[in-house]
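Visitor: This is start21.txt, which holds compact mmCIF, C-alpha atoms:
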# COMPACT_ATOMS: atom_id res chain seq x y z
CA MET A 1 15.63 -55.40 4.12
CA SER A 2 17.33 -53.14 1.62
CA GLY A 3 14.51 -53.01 -0.92
CA LYS A 4 16.92 -54.24 -3.57
CA ILE A 5 16.15 -57.10 -5.93
CA VAL A 6 18.14 -60.16 -4.87
CA VAL A 7 19.85 -61.91 -7.76
CA ALA A 8 21.39 -65.32 -7.06
CA VAL A 9 23.91 -66.43 -9.69
CA ASP A 10 25.50 -69.84 -9.99
CA GLN A 11 29.26 -69.83 -10.47
CA ASP A 12 30.12 -73.09 -12.24
CA GLY A 13 28.63 -73.33 -15.70
CA VAL A 14 27.29 -69.76 -15.57
CA LEU A 15 30.22 -67.48 -14.82
CA CYS A 16 32.91 -70.02 -15.57
CA ASP A 17 33.57 -73.26 -17.39
CA ILE A 18 34.85 -76.04 -15.16
CA LEU A 19 33.43 -78.87 -17.24
CA THR A 20 36.04 -78.69 -20.01
CA HIS A 21 38.94 -78.85 -17.55
CA TRP A 22 37.21 -81.48 -15.40
CA LEU A 23 36.62 -83.81 -18.35
CA SER A 24 40.13 -83.24 -19.69
CA GLU A 25 41.66 -84.25 -16.35
CA TYR A 26 39.32 -87.22 -16.09
CA ASN A 27 40.08 -88.46 -19.61
CA GLU A 28 43.82 -88.05 -19.03
CA GLN A 29 43.70 -90.09 -15.82
CA THR A 30 41.39 -92.85 -17.06
CA GLY A 31 42.09 -93.12 -20.79
CA GLU A 32 38.42 -92.52 -21.55
CA ASN A 33 37.26 -89.97 -24.09
CA ILE A 34 34.16 -88.45 -22.49
CA THR A 35 32.99 -85.23 -24.16
CA GLU A 36 30.52 -82.56 -23.10
CA GLU A 37 28.11 -83.95 -25.68
CA ASP A 38 28.16 -87.31 -23.87
CA ILE A 39 26.76 -85.67 -20.74
CA THR A 40 23.02 -85.35 -21.31
CA GLU A 41 21.83 -84.93 -17.72
CA TRP A 42 22.90 -82.96 -14.66
CA ASP A 43 24.36 -86.02 -12.84
CA MET A 44 27.44 -86.60 -14.96
CA PHE A 45 28.78 -89.29 -12.63
CA LYS A 46 26.52 -91.85 -14.27
CA PHE A 47 28.16 -91.23 -17.66
CA VAL A 48 31.68 -92.25 -16.62
CA LYS A 49 33.27 -95.60 -15.80
CA HIS A 50 35.27 -94.22 -12.86
CA PRO A 51 33.06 -91.89 -10.79
CA LYS A 52 35.51 -91.95 -7.88
CA VAL A 53 38.23 -90.45 -10.11
CA LEU A 54 35.79 -87.77 -11.25
CA GLN A 55 35.09 -86.86 -7.62
CA GLU A 56 38.78 -86.88 -6.62
CA ILE A 57 39.55 -84.36 -9.36
CA LEU A 58 37.08 -81.92 -7.77
CA GLU A 59 38.91 -82.26 -4.47
CA LYS A 60 42.39 -81.52 -5.86
CA LYS A 61 44.20 -78.36 -4.86
CA ASP A 62 43.97 -75.59 -7.49
CA PHE A 63 41.19 -77.29 -9.47
CA PHE A 64 38.73 -74.39 -9.18
CA LEU A 65 41.43 -71.78 -9.78
CA LYS A 66 41.86 -73.19 -13.30
CA ALA A 67 38.29 -72.40 -14.31
CA VAL A 68 37.94 -70.27 -17.43
CA PRO A 69 35.44 -67.39 -17.46
CA HIS A 70 32.60 -67.91 -19.92
CA LYS A 71 32.63 -65.63 -22.92
CA ASP A 72 31.16 -62.24 -22.04
CA SER A 73 30.71 -63.12 -18.34
CA LEU A 74 33.48 -60.74 -17.31
CA GLU A 75 31.82 -57.78 -19.02
CA TYR A 76 28.17 -58.51 -18.25
CA PHE A 77 28.48 -59.78 -14.68
CA ASP A 78 30.55 -56.72 -13.82
CA LYS A 79 27.66 -54.56 -15.10
CA VAL A 80 25.22 -56.51 -12.93
CA LEU A 81 27.46 -56.00 -9.89
CA LYS A 82 27.49 -52.23 -10.45
CA ASP A 83 23.69 -51.98 -10.61
CA LYS A 84 22.67 -50.22 -7.37
CA GLU A 85 19.16 -51.71 -7.49
CA LEU A 86 20.47 -55.29 -7.27
CA ASP A 87 21.72 -57.32 -4.33
CA VAL A 88 23.90 -59.92 -6.08
CA VAL A 89 25.01 -63.15 -4.42
CA ILE A 90 26.77 -66.22 -5.76
CA VAL A 91 25.21 -69.56 -4.87
CA THR A 92 27.63 -72.39 -5.51
CA GLN A 93 28.17 -75.97 -4.47
CA ILE A 94 31.43 -76.88 -2.77
CA PRO A 95 32.43 -80.56 -2.96
CA ARG A 96 31.84 -81.96 0.53
CA GLU A 97 35.29 -83.50 0.81
CA SER A 98 37.21 -80.57 -0.67
CA ILE A 99 39.34 -78.61 1.76
CA TYR A 100 40.21 -76.12 -0.99
CA GLY A 101 36.90 -75.57 -2.79
CA LEU A 102 35.41 -72.61 -0.93
CA TYR A 103 38.68 -70.69 -0.75
CA GLU A 104 39.45 -71.33 -4.43
CA LYS A 105 36.00 -70.38 -5.65
CA ARG A 106 36.11 -67.13 -3.67
CA LYS A 107 39.62 -66.38 -4.92
CA TRP A 108 38.57 -67.07 -8.51
CA LEU A 109 35.66 -64.64 -8.14
CA LYS A 110 37.87 -61.93 -6.65
CA ASP A 111 40.56 -62.44 -9.31
CA ASN A 112 38.03 -62.23 -12.16
CA PHE A 113 35.49 -59.73 -10.81
CA ILE A 114 37.24 -56.99 -8.83
CA ASN A 115 33.90 -55.42 -7.87
CA PHE A 116 32.65 -58.62 -6.22
CA GLU A 117 32.77 -58.89 -2.45
CA THR A 118 33.61 -62.47 -1.50
CA ASN A 119 31.39 -62.38 1.59
CA ARG A 120 28.51 -62.60 -0.90
CA VAL A 121 29.13 -66.31 -1.62
CA ILE A 122 26.53 -68.79 -0.41
CA SER A 123 27.59 -72.43 -0.37
CA ALA A 124 24.66 -74.79 -0.88
CA HIS A 125 24.45 -78.47 -1.75
CA ARG A 126 20.77 -78.23 -2.58
CA LYS A 127 20.74 -75.04 -4.62
CA TYR A 128 17.29 -75.78 -5.98
CA LEU A 129 15.91 -74.79 -2.56
CA ILE A 130 17.07 -71.22 -3.00
Just give me the structure of the file as structure tokens.
Guide:
Amino acid sequence: MSGKIVVAVDQDGVLCDILTHWLSEYNEQTGENITEEDITEWDMFKFVKHPKVLQEILEKKDFFLKAVPHKDSLEYFDKVLKDKELDVVIVTQIPRESIYGLYEKRKWLKDNFINFETNRVISAHRKYLI
């Protein structure tokens, strides 16, 4: 034990915005017009007519590389990473069927946060347990 405070940070929706791109791709492929305001619960699959299409988008190559950093996340997360009293890890969910997800999420982190070590990524499907 290092004596440091462990800080677990979610990637999607906290450090970056994948929802805007995800919905844009979905709407383009299906002709629907789902907006962020239409999604009122965590399980967004129940708000769309074509949940399979929504899932397939997550599994596409380069999907996670297109995520946009949330405003101020670049500045503030970098400060958190430099704090010597903190042990910072990323806890993120990788789509089960995605062969690209883990690599792309790690690459995105490294590209956007040069002080982040990619061996500090924890993949979890049931993040609420952590």
Visitor: With all atoms listed in the file as the basis for distance, which of A:Leu81, A:Tyr26, A:Val91, A:Asn112 is at the shortest distance from Leu129 (chain A)?
Guide: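 When distances to Leu129 (chain A) are compared using all atoms listed in the file, the smallest one comes from A:Val91.
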Visitor: Neighbours of Ile94 (chain A) within 10 Å (all atoms listed in the file; same-chain residues fewer than 2 positions away dropped), as a list in words?
Guide: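 In the requested form, the answer reads Leu58, Glu59, Val91, Thr92, Arg96, Glu97, Ser98, Ile99, Tyr100, Gly101, Leu102, Tyr103, Glu104, Lys105, Ile122, Ser123, Ala124 and His125 of chain A.
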Visitor: Closest to Leu54 (chain A) among A:Thr40, A:Val68, A:Pro95, A:Leu74, using all atoms listed in the file?
Guide: A:Pro95
Visitor: Extract, using all atoms listed in the file, all DNA, RNA and protein residues at most 12 Å from region 113-121 of chain A, discarding same-chain residues fewer than 5 positions from it, and format them as a PyMOL selection string.
Guide: chain A and resi 6-11+15-16+69+73-83+87-94+102-108
Visitor: Can you tell me how far CA of Thr35 (chain A) sits from CA of Thr20 (chain A), in Å to one decimal?
Guide: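 These two atoms are separated by 8.3 Å.
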Visitor: Could you check how far CA of Glu56 (chain A) sits from CA of Glu41 (chain A), in Å to one decimal?
Guide: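 Distance reported for this atom pair: 20.4 Å.
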Visitor: Write out as a list in words each polymer residue whose atoms come within 12 Å of Glu28 (chain A), counting only C-alpha atoms; drop sequence neighbours fewer than 6 positions from it.
Guide: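 Returned residues: His21, Trp22, Ile34, Val53, Leu54 and Ile57 of chain A.
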Visitor: One decimal, Å: what's the distance from CA of Phe63 (chain A) over to CA of Lys110 (chain A), could you say?
Guide: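 Between CA of Phe63 (chain A) and CA of Lys110 (chain A) the gap works out to 16.0 Å.
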Visitor: What would region 19-54 of chain A look like with N, CA and C atoms restored, written as a PDB file, keeping the file's coordinate frame?
Guide:
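Below is the file selection.pdb, written as the result:
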ATOM      1  N   LEU A  19      33.674 -77.563 -16.625  1.00  0.00           N
ATOM      2  CA  LEU A  19      33.430 -78.870 -17.240  1.00  0.00           C
ATOM      3  C   LEU A  19      34.539 -79.274 -18.205  1.00  0.00           C
ATOM      4  N   THR A  20      35.001 -78.361 -19.027  1.00  0.00           N
ATOM      5  CA  THR A  20      36.040 -78.690 -20.010  1.00  0.00           C
ATOM      6  C   THR A  20      37.302 -79.190 -19.311  1.00  0.00           C
ATOM      7  N   HIS A  21      37.739 -78.465 -18.304  1.00  0.00           N
ATOM      8  CA  HIS A  21      38.940 -78.850 -17.550  1.00  0.00           C
ATOM      9  C   HIS A  21      38.716 -80.160 -16.784  1.00  0.00           C
ATOM     10  N   TRP A  22      37.551 -80.287 -16.184  1.00  0.00           N
ATOM     11  CA  TRP A  22      37.210 -81.480 -15.400  1.00  0.00           C
ATOM     12  C   TRP A  22      37.249 -82.723 -16.279  1.00  0.00           C
ATOM     13  N   LEU A  23      36.618 -82.654 -17.448  1.00  0.00           N
ATOM     14  CA  LEU A  23      36.620 -83.810 -18.350  1.00  0.00           C
ATOM     15  C   LEU A  23      38.004 -84.093 -18.909  1.00  0.00           C
ATOM     16  N   SER A  24      38.768 -83.061 -19.185  1.00  0.00           N
ATOM     17  CA  SER A  24      40.130 -83.240 -19.690  1.00  0.00           C
ATOM     18  C   SER A  24      40.984 -83.987 -18.663  1.00  0.00           C
ATOM     19  N   GLU A  25      40.914 -83.561 -17.422  1.00  0.00           N
ATOM     20  CA  GLU A  25      41.660 -84.250 -16.350  1.00  0.00           C
ATOM     21  C   GLU A  25      41.191 -85.692 -16.208  1.00  0.00           C
ATOM     22  N   TYR A  26      39.881 -85.879 -16.225  1.00  0.00           N
ATOM     23  CA  TYR A  26      39.320 -87.220 -16.090  1.00  0.00           C
ATOM     24  C   TYR A  26      39.794 -88.124 -17.227  1.00  0.00           C
ATOM     25  N   ASN A  27      39.673 -87.653 -18.455  1.00  0.00           N
ATOM     26  CA  ASN A  27      40.080 -88.460 -19.610  1.00  0.00           C
ATOM     27  C   ASN A  27      41.572 -88.782 -19.558  1.00  0.00           C
ATOM     28  N   GLU A  28      42.375 -87.826 -19.132  1.00  0.00           N
ATOM     29  CA  GLU A  28      43.820 -88.050 -19.030  1.00  0.00           C
ATOM     30  C   GLU A  28      44.135 -89.137 -18.001  1.00  0.00           C
ATOM     31  N   GLN A  29      43.429 -89.120 -16.885  1.00  0.00           N
ATOM     32  CA  GLN A  29      43.700 -90.090 -15.820  1.00  0.00           C
ATOM     33  C   GLN A  29      43.148 -91.478 -16.115  1.00  0.00           C
ATOM     34  N   THR A  30      42.062 -91.564 -16.873  1.00  0.00           N
ATOM     35  CA  THR A  30      41.390 -92.850 -17.060  1.00  0.00           C
ATOM     36  C   THR A  30      41.567 -93.444 -18.457  1.00  0.00           C
ATOM     37  N   GLY A  31      41.996 -92.637 -19.420  1.00  0.00           N
ATOM     38  CA  GLY A  31      42.090 -93.120 -20.790  1.00  0.00           C
ATOM     39  C   GLY A  31      40.764 -93.114 -21.521  1.00  0.00           C
ATOM     40  N   GLU A  32      39.711 -92.646 -20.874  1.00  0.00           N
ATOM     41  CA  GLU A  32      38.420 -92.520 -21.550  1.00  0.00           C
ATOM     42  C   GLU A  32      38.438 -91.301 -22.462  1.00  0.00           C
ATOM     43  N   ASN A  33      37.374 -91.124 -23.213  1.00  0.00           N
ATOM     44  CA  ASN A  33      37.260 -89.970 -24.090  1.00  0.00           C
ATOM     45  C   ASN A  33      35.849 -89.378 -23.962  1.00  0.00           C
ATOM     46  N   ILE A  34      35.476 -89.023 -22.750  1.00  0.00           N
ATOM     47  CA  ILE A  34      34.160 -88.450 -22.490  1.00  0.00           C
ATOM     48  C   ILE A  34      34.156 -86.995 -22.958  1.00  0.00           C
ATOM     49  N   THR A  35      33.121 -86.610 -23.694  1.00  0.00           N
ATOM     50  CA  THR A  35      32.990 -85.230 -24.160  1.00  0.00           C
ATOM     51  C   THR A  35      31.773 -84.582 -23.510  1.00  0.00           C
ATOM     52  N   GLU A  36      31.683 -83.276 -23.643  1.00  0.00           N
ATOM     53  CA  GLU A  36      30.520 -82.560 -23.100  1.00  0.00           C
ATOM     54  C   GLU A  36      29.229 -83.074 -23.735  1.00  0.00           C
ATOM     55  N   GLU A  37      29.288 -83.449 -24.983  1.00  0.00           N
ATOM     56  CA  GLU A  37      28.110 -83.950 -25.680  1.00  0.00           C
ATOM     57  C   GLU A  37      27.626 -85.286 -25.112  1.00  0.00           C
ATOM     58  N   ASP A  38      28.531 -86.036 -24.480  1.00  0.00           N
ATOM     59  CA  ASP A  38      28.160 -87.310 -23.870  1.00  0.00           C
ATOM     60  C   ASP A  38      27.338 -87.119 -22.594  1.00  0.00           C
ATOM     61  N   ILE A  39      27.452 -85.954 -21.992  1.00  0.00           N
ATOM     62  CA  ILE A  39      26.760 -85.670 -20.740  1.00  0.00           C
ATOM     63  C   ILE A  39      25.414 -85.051 -21.093  1.00  0.00           C
ATOM     64  N   THR A  40      24.342 -85.824 -20.901  1.00  0.00           N
ATOM     65  CA  THR A  40      23.020 -85.350 -21.310  1.00  0.00           C
ATOM     66  C   THR A  40      22.092 -85.052 -20.141  1.00  0.00           C
ATOM     67  N   GLU A  41      22.602 -85.229 -18.926  1.00  0.00           N
ATOM     68  CA  GLU A  41      21.830 -84.930 -17.720  1.00  0.00           C
ATOM     69  C   GLU A  41      22.741 -84.270 -16.707  1.00  0.00           C
ATOM     70  N   TRP A  42      22.138 -83.672 -15.685  1.00  0.00           N
ATOM     71  CA  TRP A  42      22.900 -82.960 -14.660  1.00  0.00           C
ATOM     72  C   TRP A  42      23.886 -83.876 -13.944  1.00  0.00           C
ATOM     73  N   ASP A  43      23.495 -85.097 -13.595  1.00  0.00           N
ATOM     74  CA  ASP A  43      24.360 -86.020 -12.840  1.00  0.00           C
ATOM     75  C   ASP A  43      25.341 -86.707 -13.784  1.00  0.00           C
ATOM     76  N   MET A  44      26.487 -86.066 -13.994  1.00  0.00           N
ATOM     77  CA  MET A  44      27.440 -86.600 -14.960  1.00  0.00           C
ATOM     78  C   MET A  44      28.175 -87.835 -14.464  1.00  0.00           C
ATOM     79  N   PHE A  45      28.097 -88.125 -13.180  1.00  0.00           N
ATOM     80  CA  PHE A  45      28.780 -89.290 -12.630  1.00  0.00           C
ATOM     81  C   PHE A  45      28.287 -90.598 -13.234  1.00  0.00           C
ATOM     82  N   LYS A  46      27.046 -90.614 -13.687  1.00  0.00           N
ATOM     83  CA  LYS A  46      26.520 -91.850 -14.270  1.00  0.00           C
ATOM     84  C   LYS A  46      26.950 -92.063 -15.720  1.00  0.00           C
ATOM     85  N   PHE A  47      27.689 -91.120 -16.277  1.00  0.00           N
ATOM     86  CA  PHE A  47      28.160 -91.230 -17.660  1.00  0.00           C
ATOM     87  C   PHE A  47      29.620 -91.645 -17.764  1.00  0.00           C
ATOM     88  N   VAL A  48      30.261 -91.880 -16.620  1.00  0.00           N
ATOM     89  CA  VAL A  48      31.680 -92.250 -16.620  1.00  0.00           C
ATOM     90  C   VAL A  48      31.873 -93.621 -15.986  1.00  0.00           C
ATOM     91  N   LYS A  49      32.967 -94.276 -16.341  1.00  0.00           N
ATOM     92  CA  LYS A  49      33.270 -95.600 -15.800  1.00  0.00           C
ATOM     93  C   LYS A  49      33.922 -95.516 -14.426  1.00  0.00           C
ATOM     94  N   HIS A  50      34.525 -94.364 -14.108  1.00  0.00           N
ATOM     95  CA  HIS A  50      35.270 -94.220 -12.860  1.00  0.00           C
ATOM     96  C   HIS A  50      34.787 -92.984 -12.084  1.00  0.00           C
ATOM     97  N   PRO A  51      33.594 -93.054 -11.489  1.00  0.00           N
ATOM     98  CA  PRO A  51      33.060 -91.890 -10.790  1.00  0.00           C
ATOM     99  C   PRO A  51      33.927 -91.420  -9.623  1.00  0.00           C
ATOM    100  N   LYS A  52      34.639 -92.338  -8.992  1.00  0.00           N
ATOM    101  CA  LYS A  52      35.510 -91.950  -7.880  1.00  0.00           C
ATOM    102  C   LYS A  52      36.629 -91.022  -8.366  1.00  0.00           C
ATOM    103  N   VAL A  53      37.185 -91.305  -9.531  1.00  0.00           N
ATOM    104  CA  VAL A  53      38.230 -90.450 -10.110  1.00  0.00           C
ATOM    105  C   VAL A  53      37.651 -89.073 -10.402  1.00  0.00           C
ATOM    106  N   LEU A  54      36.447 -89.038 -10.948  1.00  0.00           N
ATOM    107  CA  LEU A  54      35.790 -87.770 -11.250  1.00  0.00           C
ATOM    108  C   LEU A  54      35.642 -86.930  -9.981  1.00  0.00           C
TER     109      LEU A  54
END
